[in-house]
file run.cif (mmCIF, C-alpha atoms)
data_final
#
loop_
_atom_site.label_atom_id
_atom_site.label_comp_id
_atom_site.auth_asym_id
_atom_site.auth_seq_id
_atom_site.Cartn_x
_atom_site.Cartn_y
_atom_site.Cartn_z
CA MET A 6 59.86 77.64 106.26
CA VAL A 7 60.88 81.11 105.07
CA SER A 8 58.15 82.53 102.82
CA ILE A 9 57.81 85.87 101.12
CA SER A 10 54.28 86.09 102.58
CA ASP A 11 55.82 86.24 106.08
CA PRO A 12 55.78 89.84 107.39
CA ALA A 13 59.31 89.44 108.81
CA VAL A 14 60.59 88.44 105.37
CA GLN A 15 58.81 91.38 103.75
CA SER A 16 60.39 93.66 106.32
CA TYR A 17 63.80 92.17 105.51
CA ALA A 18 63.22 92.75 101.79
CA LEU A 19 62.24 96.37 102.32
CA TYR A 20 65.02 97.34 104.72
CA SER A 21 67.71 95.46 102.80
CA THR A 22 66.68 97.43 99.75
CA ILE A 23 66.66 100.77 101.57
CA LEU A 24 70.18 99.98 102.80
CA ALA A 25 71.33 98.99 99.30
CA LEU A 26 69.97 102.20 97.78
CA LYS A 27 71.52 104.27 100.58
CA MET A 28 74.88 102.57 99.99
CA LEU A 29 74.69 103.15 96.25
CA GLY A 30 73.88 106.78 97.02
CA MET A 31 77.37 107.12 98.51
CA ALA A 32 78.83 106.82 94.99
CA ILE A 33 76.66 109.74 93.91
CA LEU A 34 77.67 111.74 97.00
CA THR A 35 81.34 111.03 96.24
CA GLY A 36 80.87 112.18 92.66
CA LYS A 37 79.04 115.32 93.77
CA THR A 38 81.85 116.15 96.24
CA ARG A 39 84.52 115.46 93.60
CA TYR A 40 82.86 117.75 91.06
CA GLY A 41 82.20 120.41 93.70
CA LYS A 42 85.90 120.56 94.58
CA ASN A 43 87.16 119.55 91.14
CA VAL A 44 89.41 116.76 92.47
CA PHE A 45 89.50 113.32 90.91
CA ALA A 46 91.12 109.93 91.34
CA ASN A 47 91.96 109.38 87.67
CA GLU A 48 93.85 111.38 85.05
CA GLU A 49 91.11 110.80 82.48
CA ASP A 50 88.45 112.17 84.87
CA ALA A 51 90.51 115.24 85.74
CA LYS A 52 91.14 115.87 82.05
CA ALA A 53 87.43 115.62 81.18
CA SER A 54 86.57 118.18 83.89
CA LYS A 55 89.73 120.34 83.80
CA GLY A 56 90.28 119.35 87.45
CA LYS A 57 93.15 117.95 89.50
CA VAL A 58 94.10 114.43 90.57
CA ARG A 59 94.25 114.43 94.36
CA TYR A 60 93.95 111.71 96.99
CA ASP A 61 93.93 113.89 100.09
CA ASP A 62 90.93 116.15 99.75
CA PRO A 63 89.39 116.03 103.25
CA ASP A 64 85.77 116.26 102.08
CA VAL A 65 86.10 113.61 99.39
CA GLU A 66 88.02 111.29 101.70
CA ARG A 67 85.40 111.68 104.43
CA VAL A 68 82.64 110.56 102.06
CA ARG A 69 84.83 107.69 100.91
CA ARG A 70 85.42 106.55 104.50
CA ALA A 71 81.67 106.62 105.14
CA HIS A 72 81.18 104.57 101.96
CA LEU A 73 83.82 102.02 103.00
CA ASN A 74 82.17 101.76 106.41
CA ASP A 75 78.94 100.81 104.59
CA LEU A 76 80.80 98.10 102.68
CA GLU A 77 82.12 96.76 105.98
CA ASN A 78 78.65 96.59 107.53
CA ILE A 79 75.70 96.45 105.12
CA PRO A 80 76.51 93.24 103.17
CA ALA A 81 77.01 91.52 106.54
CA PHE A 82 73.47 92.63 107.46
CA TRP A 83 72.08 91.14 104.25
CA ILE A 84 73.42 87.67 105.04
CA LEU A 85 72.91 87.76 108.82
CA GLY A 86 69.38 89.13 108.49
CA ALA A 87 68.42 86.48 105.93
CA LEU A 88 69.85 83.65 108.04
CA TYR A 89 68.29 85.06 111.20
CA LEU A 90 64.87 84.75 109.53
CA THR A 91 65.46 80.99 109.20
CA THR A 92 65.75 80.65 112.99
CA GLY A 93 62.05 81.49 113.44
CA PRO A 94 62.14 84.82 115.29
CA ALA A 95 58.92 86.62 116.22
CA ALA A 96 57.97 88.77 113.23
CA SER A 97 57.74 91.95 115.29
CA THR A 98 61.15 91.35 116.90
CA ALA A 99 62.78 90.79 113.52
CA ALA A 100 61.09 93.82 111.96
CA ASN A 101 62.13 96.05 114.85
CA LEU A 102 65.73 94.89 114.62
CA PHE A 103 65.74 95.61 110.88
CA ARG A 104 64.21 99.05 111.48
CA ALA A 105 66.69 99.96 114.20
CA TYR A 106 69.58 98.71 112.07
CA THR A 107 68.50 100.79 109.09
CA ALA A 108 67.89 103.89 111.20
CA GLY A 109 71.36 103.50 112.73
CA ARG A 110 73.07 103.24 109.36
CA LEU A 111 71.16 106.23 107.95
CA ILE A 112 72.18 108.31 110.98
CA HIS A 113 75.77 107.05 110.62
CA THR A 114 75.98 108.39 107.08
CA PHE A 115 74.37 111.66 108.06
CA VAL A 116 76.69 112.44 110.98
CA TYR A 117 79.77 111.12 109.15
CA ALA A 118 79.49 112.47 105.63
CA VAL A 119 76.51 114.77 105.18
CA LYS A 120 76.74 116.97 108.27
CA PRO A 121 79.88 115.96 110.24
CA MET A 122 79.17 116.02 113.98
CA PRO A 123 81.34 115.64 117.08
CA GLN A 124 81.72 112.25 118.70
CA PRO A 125 80.08 110.19 120.16
CA SER A 126 77.30 110.69 117.60
CA ARG A 127 78.99 108.57 114.95
CA ALA A 128 80.23 106.01 117.49
CA ILE A 129 76.66 105.39 118.69
CA ALA A 130 75.27 105.25 115.14
CA PHE A 131 77.94 102.67 114.35
CA ALA A 132 77.66 100.61 117.54
CA VAL A 133 73.88 100.03 117.59
CA PRO A 134 73.73 98.36 114.13
CA LEU A 135 76.92 96.42 114.92
CA PHE A 136 75.36 95.13 118.14
CA ILE A 137 72.23 94.06 116.22
CA MET A 138 74.41 92.10 113.78
CA PHE A 139 76.26 90.39 116.65
CA TYR A 140 72.90 89.51 118.22
CA MET A 141 71.53 88.04 114.98
CA GLY A 142 74.83 86.23 114.35
CA TYR A 143 74.76 84.74 117.84
CA LYS A 144 71.19 83.53 117.28
CA VAL A 145 72.09 81.91 113.95
CA ALA A 146 75.33 80.36 115.21
CA THR A 147 73.67 78.75 118.23
CA PHE A 148 70.68 77.60 116.13
CA TYR A 149 72.94 75.78 113.66
CA ALA A 150 75.76 74.89 116.06
CA SER A 151 75.24 71.17 115.45
CA ALA A 152 76.37 71.66 111.82
CA LEU A 153 79.92 72.54 112.92
CA MET B 288 64.87 72.10 96.39
CA VAL B 289 67.04 73.94 98.90
CA SER B 290 65.63 73.45 102.41
CA ILE B 291 66.87 74.59 105.78
CA SER B 292 66.48 70.99 107.00
CA ASP B 293 69.26 69.98 104.58
CA PRO B 294 72.57 69.48 106.47
CA ALA B 295 74.51 71.26 103.69
CA VAL B 296 72.27 74.31 104.05
CA GLN B 297 72.68 74.29 107.83
CA SER B 298 76.43 74.10 107.34
CA TYR B 299 76.25 77.07 104.96
CA ALA B 300 74.23 79.06 107.51
CA LEU B 301 76.70 78.34 110.29
CA TYR B 302 79.90 79.05 108.37
CA SER B 303 78.51 82.12 106.62
CA THR B 304 77.68 83.48 110.07
CA ILE B 305 81.10 82.67 111.51
CA LEU B 306 82.66 84.49 108.55
CA ALA B 307 80.35 87.49 109.01
CA LEU B 308 81.18 87.75 112.71
CA LYS B 309 84.90 87.38 111.97
CA MET B 310 84.67 90.13 109.35
CA LEU B 311 82.80 92.43 111.74
CA GLY B 312 85.49 91.69 114.31
CA MET B 313 87.99 93.47 112.04
CA ALA B 314 86.27 96.78 112.84
CA ILE B 315 86.83 96.10 116.52
CA LEU B 316 90.46 95.13 115.89
CA THR B 317 90.97 98.35 113.89
CA GLY B 318 89.47 100.38 116.72
CA LYS B 319 91.62 98.61 119.31
CA THR B 320 94.77 99.28 117.25
CA ARG B 321 93.78 102.93 116.71
CA TYR B 322 93.24 103.52 120.42
CA GLY B 323 96.40 101.60 121.30
CA LYS B 324 98.49 103.89 119.08
CA ASN B 325 96.23 106.93 119.45
CA VAL B 326 95.94 107.52 115.69
CA PHE B 327 92.63 108.22 114.00
CA ALA B 328 91.14 108.83 110.58
CA ASN B 329 88.90 111.75 111.58
CA GLU B 330 89.53 115.05 113.34
CA GLU B 331 86.51 114.54 115.61
CA ASP B 332 87.84 111.13 116.74
CA ALA B 333 91.34 112.48 117.42
CA LYS B 334 89.85 115.37 119.37
CA ALA B 335 87.69 113.06 121.50
CA SER B 336 90.76 110.96 122.41
CA LYS B 337 93.48 113.65 122.34
CA GLY B 338 95.16 111.65 119.57
CA LYS B 339 96.51 112.39 116.08
CA VAL B 340 95.03 112.07 112.61
CA ARG B 341 97.32 109.78 110.64
CA TYR B 342 96.84 107.61 107.58
CA ASP B 343 100.20 105.85 107.58
CA ASP B 344 100.43 104.00 110.87
CA PRO B 345 101.80 100.60 109.81
CA ASP B 346 99.85 98.60 112.40
CA VAL B 347 96.52 100.27 111.72
CA GLU B 348 97.00 100.02 107.95
CA ARG B 349 97.85 96.33 108.20
CA VAL B 350 94.58 95.60 110.00
CA ARG B 351 92.73 97.72 107.43
CA ARG B 352 94.30 95.77 104.56
CA ALA B 353 93.24 92.50 106.20
CA HIS B 354 89.72 93.93 106.59
CA LEU B 355 89.58 95.02 102.94
CA ASN B 356 90.76 91.57 101.90
CA ASP B 357 87.75 90.16 103.78
CA LEU B 358 85.44 92.50 101.88
CA GLU B 359 86.97 91.27 98.63
CA ASN B 360 86.39 87.62 99.50
CA ILE B 361 83.72 86.88 102.11
CA PRO B 362 80.62 88.40 100.41
CA ALA B 363 81.59 86.45 97.27
CA PHE B 364 81.53 83.29 99.39
CA TRP B 365 78.04 84.10 100.66
CA ILE B 366 76.59 84.26 97.14
CA LEU B 367 78.67 81.48 95.58
CA GLY B 368 78.06 79.14 98.53
CA ALA B 369 74.29 79.75 98.41
CA LEU B 370 74.11 79.21 94.65
CA TYR B 371 76.37 76.15 94.85
CA LEU B 372 73.80 74.57 97.20
CA THR B 373 71.20 74.85 94.43
CA THR B 374 73.31 72.62 92.16
CA GLY B 375 72.72 69.58 94.40
CA PRO B 376 76.21 68.82 95.76
CA ALA B 377 76.74 65.96 98.22
CA ALA B 378 76.11 67.35 101.71
CA SER B 379 79.48 66.19 103.01
CA THR B 380 81.37 67.74 100.06
CA ALA B 381 79.60 71.07 100.52
CA ALA B 382 80.14 71.07 104.30
CA ASN B 383 83.83 70.27 103.89
CA LEU B 384 84.31 73.06 101.35
CA PHE B 385 82.60 75.52 103.71
CA ARG B 386 84.77 74.31 106.62
CA ALA B 387 88.01 74.59 104.64
CA TYR B 388 87.01 78.02 103.34
CA THR B 389 86.28 79.30 106.84
CA ALA B 390 89.47 77.82 108.28
CA GLY B 391 91.48 79.47 105.47
CA ARG B 392 89.97 82.89 106.10
CA LEU B 393 90.50 82.62 109.87
CA ILE B 394 94.14 81.70 109.31
CA HIS B 395 94.46 84.54 106.78
CA THR B 396 93.39 87.10 109.37
CA PHE B 397 95.65 85.58 112.00
CA VAL B 398 98.84 85.58 109.92
CA TYR B 399 98.04 88.97 108.34
CA ALA B 400 96.80 91.14 111.17
CA VAL B 401 96.98 89.36 114.53
CA LYS B 402 100.46 87.81 114.42
CA PRO B 403 102.13 88.85 111.12
CA MET B 404 104.10 85.95 109.66
CA PRO B 405 106.54 85.60 106.76
CA GLN B 406 105.24 84.51 103.38
CA PRO B 407 104.01 82.11 102.03
CA SER B 408 101.74 81.65 105.08
CA ARG B 409 99.36 84.42 104.05
CA ALA B 410 99.54 83.49 100.36
CA ILE B 411 98.40 79.93 101.14
CA ALA B 412 95.66 81.10 103.53
CA PHE B 413 94.44 83.38 100.73
CA ALA B 414 94.74 80.93 97.84
CA VAL B 415 92.88 77.95 99.33
CA PRO B 416 89.60 79.85 99.96
CA LEU B 417 89.96 81.57 96.58
CA PHE B 418 90.33 78.20 94.86
CA ILE B 419 87.22 76.91 96.67
CA MET B 420 85.26 79.92 95.39
CA PHE B 421 86.46 79.36 91.82
CA TYR B 422 85.46 75.70 92.13
CA MET B 423 81.96 76.55 93.41
CA GLY B 424 81.61 79.27 90.78
CA TYR B 425 82.60 76.86 88.03
CA LYS B 426 80.02 74.35 89.27
CA VAL B 427 77.26 76.99 89.34
CA ALA B 428 78.19 78.51 85.96
CA THR B 429 78.18 75.14 84.19
CA PHE B 430 74.96 74.06 85.95
CA TYR B 431 73.10 77.19 84.75
CA ALA B 432 75.02 77.73 81.49
CA SER B 433 71.83 77.33 79.43
CA ALA B 434 70.47 80.55 81.03
CA LEU B 435 73.15 82.66 79.29
CA MET C 149 57.13 81.60 94.84
CA VAL C 150 60.78 81.86 93.79
CA SER C 151 61.96 78.50 92.43
CA ILE C 152 65.24 77.42 90.93
CA SER C 153 63.29 75.97 88.00
CA ASP C 154 62.22 79.52 87.06
CA PRO C 155 64.29 80.80 84.09
CA ALA C 156 64.66 84.24 85.74
CA VAL C 157 66.14 82.62 88.85
CA GLN C 158 68.51 80.53 86.74
CA SER C 159 69.57 83.69 84.95
CA TYR C 160 70.18 85.38 88.30
CA ALA C 161 72.29 82.42 89.46
CA LEU C 162 74.40 82.46 86.31
CA TYR C 163 75.03 86.21 86.14
CA SER C 164 75.62 86.57 89.88
CA THR C 165 78.27 83.89 89.53
CA ILE C 166 79.91 85.52 86.50
CA LEU C 167 80.06 88.77 88.46
CA ALA C 168 81.54 87.03 91.52
CA LEU C 169 84.23 85.34 89.43
CA LYS C 170 85.01 88.60 87.64
CA MET C 171 85.33 90.39 91.00
CA LEU C 172 87.60 87.68 92.38
CA GLY C 173 89.67 88.03 89.22
CA MET C 174 90.54 91.56 90.32
CA ALA C 175 92.66 90.10 93.12
CA ILE C 176 94.61 88.13 90.52
CA LEU C 177 94.97 91.22 88.31
CA THR C 178 96.25 93.20 91.31
CA GLY C 179 98.76 90.47 92.09
CA LYS C 180 99.89 90.29 88.47
CA THR C 181 100.38 94.08 88.37
CA ARG C 182 102.25 94.04 91.70
CA TYR C 183 104.63 91.32 90.52
CA GLY C 184 105.07 92.98 87.13
CA LYS C 185 106.19 96.23 88.78
CA ASN C 186 107.67 94.59 91.89
CA VAL C 187 105.75 96.82 94.32
CA PHE C 188 103.92 95.42 97.33
CA ALA C 189 101.75 96.52 100.23
CA ASN C 190 103.53 94.47 102.91
CA GLU C 191 107.15 94.19 104.04
CA GLU C 192 106.93 90.39 104.10
CA ASP C 193 105.72 90.33 100.47
CA ALA C 194 108.44 92.72 99.29
CA LYS C 195 111.05 90.64 101.10
CA ALA C 196 109.84 87.39 99.52
CA SER C 197 110.09 88.96 96.02
CA LYS C 198 113.03 91.35 96.55
CA GLY C 199 110.63 94.18 95.69
CA LYS C 200 109.64 97.51 97.24
CA VAL C 201 106.77 98.54 99.50
CA ARG C 202 104.89 101.31 97.69
CA TYR C 203 101.36 102.66 97.96
CA ASP C 204 101.43 105.05 95.01
CA ASP C 205 102.17 102.94 91.98
CA PRO C 206 99.68 104.30 89.41
CA ASP C 207 99.04 100.96 87.69
CA VAL C 208 98.50 99.02 90.91
CA GLU C 209 96.30 101.75 92.37
CA ARG C 210 94.18 101.86 89.21
CA VAL C 211 93.44 98.14 89.47
CA ARG C 212 92.68 98.57 93.17
CA ARG C 213 90.23 101.39 92.44
CA ALA C 214 88.47 99.21 89.86
CA HIS C 215 88.32 96.41 92.45
CA LEU C 216 86.88 98.74 95.12
CA ASN C 217 84.30 99.93 92.62
CA ASP C 218 83.24 96.30 92.21
CA LEU C 219 82.86 95.97 95.99
CA GLU C 220 80.68 99.07 95.96
CA ASN C 221 78.39 97.69 93.27
CA ILE C 222 78.35 93.92 92.81
CA PRO C 223 77.20 92.79 96.30
CA ALA C 224 74.36 95.32 96.01
CA PHE C 225 73.36 93.60 92.76
CA TRP C 226 73.30 90.20 94.48
CA ILE C 227 70.78 91.34 97.07
CA LEU C 228 68.71 93.64 94.83
CA GLY C 229 68.55 91.06 92.03
CA ALA C 230 67.42 88.31 94.44
CA LEU C 231 64.76 90.51 96.03
CA TYR C 232 63.63 91.78 92.63
CA LEU C 233 62.88 88.16 91.64
CA THR C 234 60.40 87.95 94.54
CA THR C 235 58.33 90.77 93.04
CA GLY C 236 57.29 88.58 90.11
CA PRO C 237 58.93 90.31 87.11
CA ALA C 238 58.57 88.87 83.60
CA ALA C 239 61.35 86.33 83.17
CA SER C 240 62.66 87.94 80.00
CA THR C 241 62.73 91.41 81.58
CA ALA C 242 64.65 90.13 84.59
CA ALA C 243 67.10 88.16 82.45
CA ASN C 244 67.75 91.15 80.20
CA LEU C 245 68.40 93.41 83.19
CA PHE C 246 70.86 90.86 84.60
CA ARG C 247 72.58 90.56 81.21
CA ALA C 248 72.87 94.31 80.74
CA TYR C 249 74.14 94.73 84.30
CA THR C 250 76.82 92.09 83.82
CA ALA C 251 77.88 93.47 80.44
CA GLY C 252 78.17 96.94 81.97
CA ARG C 253 80.36 95.77 84.84
CA LEU C 254 82.61 93.74 82.51
CA ILE C 255 83.07 96.79 80.28
CA HIS C 256 83.70 98.94 83.38
CA THR C 257 86.60 96.73 84.43
CA PHE C 258 87.97 96.65 80.92
CA VAL C 259 88.00 100.40 80.31
CA TYR C 260 89.14 101.16 83.89
CA ALA C 261 91.85 98.63 84.63
CA VAL C 262 92.67 96.46 81.62
CA LYS C 263 92.87 99.03 78.80
CA PRO C 264 92.32 102.51 80.34
CA MET C 265 90.18 104.65 78.02
CA PRO C 266 89.17 108.31 77.98
CA GLN C 267 85.90 109.36 79.55
CA PRO C 268 82.94 109.01 79.19
CA SER C 269 83.53 105.30 78.50
CA ARG C 270 83.92 104.41 82.17
CA ALA C 271 81.15 106.79 83.25
CA ILE C 272 78.66 105.06 80.94
CA ALA C 273 79.83 101.57 81.97
CA PHE C 274 79.29 102.64 85.57
CA ALA C 275 75.97 104.45 85.15
CA VAL C 276 74.03 101.76 83.25
CA PRO C 277 74.44 99.06 85.93
CA LEU C 278 73.81 101.65 88.65
CA PHE C 279 70.57 102.68 86.95
CA ILE C 280 69.51 99.01 86.73
CA MET C 281 70.09 98.63 90.48
CA PHE C 282 68.06 101.77 91.23
CA TYR C 283 65.26 100.42 89.03
CA MET C 284 65.23 97.03 90.77
CA GLY C 285 65.47 98.71 94.17
CA TYR C 286 62.54 100.95 93.35
CA LYS C 287 60.50 97.92 92.29
CA VAL C 288 61.29 96.04 95.51
CA ALA C 289 60.74 99.05 97.79
CA THR C 290 57.31 99.82 96.31
CA PHE C 291 56.33 96.13 96.33
CA TYR C 292 57.07 95.79 100.06
CA ALA C 293 56.30 99.37 101.09
CA SER C 294 53.54 98.20 103.44
CA ALA C 295 56.22 96.50 105.61
CA LEU C 296 57.73 99.86 106.60
#
call {"tool": "encode", "arguments": {"input": "run.cif", "output": "structure tokens"}}
result
Amino acid sequence: MVSISDPAVQSYALYSTILALKMLGMAILTGKTRYGKNVFANEEDAKASKGKVRYDDPDVERVRRAHLNDLENIPAFWILGALYLTTGPAASTAANLFRAYTAGRLIHTFVYAVKPMPQPSRAIAFAVPLFIMFYMGYKVATFYASAL
Amino acid sequence: MVSISDPAVQSYALYSTILALKMLGMAILTGKTRYGKNVFANEEDAKASKGKVRYDDPDVERVRRAHLNDLENIPAFWILGALYLTTGPAASTAANLFRAYTAGRLIHTFVYAVKPMPQPSRAIAFAVPLFIMFYMGYKVATFYASAL
Amino acid sequence: MVSISDPAVQSYALYSTILALKMLGMAILTGKTRYGKNVFANEEDAKASKGKVRYDDPDVERVRRAHLNDLENIPAFWILGALYLTTGPAASTAANLFRAYTAGRLIHTFVYAVKPMPQPSRAIAFAVPLFIMFYMGYKVATFYASAL
């Protein structure tokens, strides 16, 4: 029913991977910010770099909040997107949802942690992907409602 | 081997989705609590709402802890539940485990962040889903042990 | 195309489960550390154990950082590993990547939270699994690039 030869499934595979790599990139961005400001979360890291242990550096904490926001959203996309594919959506609809979701999350990271911008830029970049997840979740829940 | 026409798989799809939507709801609950108390995590958010940046509001932090607890548990259910289905459990057993897991996590959120209650209410609502995950994980690990 | 009778898929199932159980174990390690030092995150927990509410206990926070690091990495492995299997890798290559990933994450937890060790032990135990995820992600992204 769901086959890897289906364009919607291929789209899911590609965008899920882009999102995973983007999320993993947050660890690198955190590290870069830590080394740039020489502040660390662990004594052994501070010692190795002759830096300080601090938990309130605004730049580091901003990247960490953006990272946590990814954890709150991207794994939910992986499961909801996969299950949504099993409900038989039109391939172009599914692919466009995945594209819009990914674009939203990339913009979210950019306006949150790369180049902080005034609201409502981040609010919009957060809300559009969230809305897409609620839409897919609604589709899946109604499709399988009889399994309650 | 695992087909979407299988009632256990349909049950997995439904409960995984309910859990995803519940988890995403935590972001909305955090936002609601932030606006209710006018405390924010970012300068640009505080500015937009004429509020304060604070990281120690007890109500906001409680919702955030409940959210983090979801992140620590619900994605693990998605993978363990899916892999458990590949071990050929009875459909009714699988469906009942998924139901009990979901009920436990809903109760956990309620007694933690919606209507805080004295222990051991939260401890029980945490332990039952955790036990179900350890059970499913044990089943999967022994089923595929030869792949070590 | 991807079948549970495929040794690479069985390897994925086993190592994904080991990683899930290890990650869930962090909650137990946090609880053990909290009870050992009698410090808690919630008033109702402190009351039940005649302990204190504290957010800066170094031992508890270290375990929590190790746990968060799991959340930042292990769910990404679940999705990238699954999608990587759809690109038709040699079974032995896939299994060895999954083994190395799992070994790296187990060592990471050990040197971070069980028996803290000087750098670069944790850096290496972090970087090897991260590199494996970037490799798998690269393979998936190029395989499905036409779905952009």
call {"tool": "residues_around", "arguments": {"input": "run.cif", "residues": "Leu231 of chain C", "least_positions_apart": "2", "cutoff": "12 Å", "atoms": "only C-alpha atoms", "output": "PDB file with C-alpha atoms, keeping the file's coordinate frame"}}
result
ATOM      1  CA  ILE A   9      57.810  85.870 101.120  1.00  0.00           C
ATOM      2  CA  VAL A  14      60.590  88.440 105.370  1.00  0.00           C
ATOM      3  CA  GLN A  15      58.810  91.380 103.750  1.00  0.00           C
ATOM      4  CA  SER A  16      60.390  93.660 106.320  1.00  0.00           C
ATOM      5  CA  TYR A  17      63.800  92.170 105.510  1.00  0.00           C
ATOM      6  CA  ALA A  18      63.220  92.750 101.790  1.00  0.00           C
ATOM      7  CA  LEU A  19      62.240  96.370 102.320  1.00  0.00           C
ATOM      8  CA  TYR A  20      65.020  97.340 104.720  1.00  0.00           C
ATOM      9  CA  SER A  21      67.710  95.460 102.800  1.00  0.00           C
ATOM     10  CA  THR A  22      66.680  97.430  99.750  1.00  0.00           C
ATOM     11  CA  ILE A  23      66.660 100.770 101.570  1.00  0.00           C
ATOM     12  CA  ALA A  25      71.330  98.990  99.300  1.00  0.00           C
ATOM     13  CA  TRP A  83      72.080  91.140 104.250  1.00  0.00           C
ATOM     14  CA  ALA A  87      68.420  86.480 105.930  1.00  0.00           C
TER      15      ALA A  87
ATOM     16  CA  MET C 149      57.130  81.600  94.840  1.00  0.00           C
ATOM     17  CA  VAL C 150      60.780  81.860  93.790  1.00  0.00           C
ATOM     18  CA  VAL C 157      66.140  82.620  88.850  1.00  0.00           C
ATOM     19  CA  TYR C 160      70.180  85.380  88.300  1.00  0.00           C
ATOM     20  CA  ALA C 224      74.360  95.320  96.010  1.00  0.00           C
ATOM     21  CA  PHE C 225      73.360  93.600  92.760  1.00  0.00           C
ATOM     22  CA  TRP C 226      73.300  90.200  94.480  1.00  0.00           C
ATOM     23  CA  ILE C 227      70.780  91.340  97.070  1.00  0.00           C
ATOM     24  CA  LEU C 228      68.710  93.640  94.830  1.00  0.00           C
ATOM     25  CA  GLY C 229      68.550  91.060  92.030  1.00  0.00           C
ATOM     26  CA  LEU C 233      62.880  88.160  91.640  1.00  0.00           C
ATOM     27  CA  THR C 234      60.400  87.950  94.540  1.00  0.00           C
ATOM     28  CA  THR C 235      58.330  90.770  93.040  1.00  0.00           C
ATOM     29  CA  GLY C 236      57.290  88.580  90.110  1.00  0.00           C
ATOM     30  CA  PRO C 237      58.930  90.310  87.110  1.00  0.00           C
ATOM     31  CA  ALA C 242      64.650  90.130  84.590  1.00  0.00           C
ATOM     32  CA  MET C 281      70.090  98.630  90.480  1.00  0.00           C
ATOM     33  CA  MET C 284      65.230  97.030  90.770  1.00  0.00           C
ATOM     34  CA  GLY C 285      65.470  98.710  94.170  1.00  0.00           C
ATOM     35  CA  TYR C 286      62.540 100.950  93.350  1.00  0.00           C
ATOM     36  CA  LYS C 287      60.500  97.920  92.290  1.00  0.00           C
ATOM     37  CA  VAL C 288      61.290  96.040  95.510  1.00  0.00           C
ATOM     38  CA  ALA C 289      60.740  99.050  97.790  1.00  0.00           C
ATOM     39  CA  THR C 290      57.310  99.820  96.310  1.00  0.00           C
ATOM     40  CA  PHE C 291      56.330  96.130  96.330  1.00  0.00           C
ATOM     41  CA  TYR C 292      57.070  95.790 100.060  1.00  0.00           C
TER      42      TYR C 292
END
call {"tool": "resolve_selection", "arguments": {"input": "run.cif", "expression": "the PyMOL selection byres ((chain A and resi 67) around 12)", "output": "VMD selection string"}}
result
(chain A and resid 31 34 to 35 38 to 39 60 to 66 68 to 74 114 to 121) or (chain B and resid 328 to 331)
call {"tool": "atom_distance", "arguments": {"input": "run.cif", "atom1": "atom CA of Tyr388 of chain B", "atom2": "atom CA of Tyr140 of chain A"}}
result
23.5 Å
call {"tool": "closest_residue", "arguments": {"input": "run.cif", "among": "C:Ser240, C:Leu254, C:Pro155, C:Gly199", "to": "Gly173 of chain C", "atoms": "all atoms listed in the file"}}
result
C:Leu254
call {"tool": "atom_distance", "arguments": {"input": "run.cif", "atom1": "atom CA of Ala412 of chain B", "atom2": "atom CA of Lys324 of chain B"}}
result
27.7 Å
call {"tool": "resolve_selection", "arguments": {"input": "run.cif", "expression": "the PyMOL selection byres ((chain C and resi 200) around 7)", "output": "number ranges by chain"}}
result
C: 186-188, 194, 199, 201-202
call {"tool": "atom_distance", "arguments": {"input": "run.cif", "atom1": "atom CA of Met404 of chain B", "atom2": "atom CA of Pro416 of chain B"}}
result
18.5 Å
call {"tool": "build_atoms", "arguments": {"input": "run.cif", "residues": "segment 395-404 of chain B", "atoms": "N, CA and C atoms", "output": "PDB file, in the frame of the given file"}}
result
ATOM      1  N   HIS B 395      94.026  83.344 107.509  1.00  0.00           N
ATOM      2  CA  HIS B 395      94.460  84.540 106.780  1.00  0.00           C
ATOM      3  C   HIS B 395      94.503  85.764 107.707  1.00  0.00           C
ATOM      4  N   THR B 396      93.437  85.961 108.441  1.00  0.00           N
ATOM      5  CA  THR B 396      93.390  87.100 109.370  1.00  0.00           C
ATOM      6  C   THR B 396      94.487  86.984 110.426  1.00  0.00           C
ATOM      7  N   PHE B 397      94.659  85.770 110.936  1.00  0.00           N
ATOM      8  CA  PHE B 397      95.650  85.580 112.000  1.00  0.00           C
ATOM      9  C   PHE B 397      97.054  85.929 111.522  1.00  0.00           C
ATOM     10  N   VAL B 398      97.461  85.363 110.374  1.00  0.00           N
ATOM     11  CA  VAL B 398      98.840  85.580 109.920  1.00  0.00           C
ATOM     12  C   VAL B 398      99.032  86.961 109.298  1.00  0.00           C
ATOM     13  N   TYR B 399      97.927  87.634 108.929  1.00  0.00           N
ATOM     14  CA  TYR B 399      98.040  88.970 108.340  1.00  0.00           C
ATOM     15  C   TYR B 399      98.047  90.044 109.428  1.00  0.00           C
ATOM     16  N   ALA B 400      97.065  89.974 110.322  1.00  0.00           N
ATOM     17  CA  ALA B 400      96.800  91.140 111.170  1.00  0.00           C
ATOM     18  C   ALA B 400      96.963  90.877 112.657  1.00  0.00           C
ATOM     19  N   VAL B 401      96.874  89.628 113.083  1.00  0.00           N
ATOM     20  CA  VAL B 401      96.980  89.360 114.530  1.00  0.00           C
ATOM     21  C   VAL B 401      98.441  89.112 114.887  1.00  0.00           C
ATOM     22  N   LYS B 402      99.064  88.209 114.162  1.00  0.00           N
ATOM     23  CA  LYS B 402     100.460  87.810 114.420  1.00  0.00           C
ATOM     24  C   LYS B 402     101.143  87.732 113.057  1.00  0.00           C
ATOM     25  N   PRO B 403     101.586  88.868 112.492  1.00  0.00           N
ATOM     26  CA  PRO B 403     102.130  88.850 111.120  1.00  0.00           C
ATOM     27  C   PRO B 403     103.243  87.820 110.963  1.00  0.00           C
ATOM     28  N   MET B 404     103.134  87.023 109.901  1.00  0.00           N
ATOM     29  CA  MET B 404     104.100  85.950 109.660  1.00  0.00           C
ATOM     30  C   MET B 404     104.694  86.078 108.270  1.00  0.00           C
TER      31      MET B 404
END
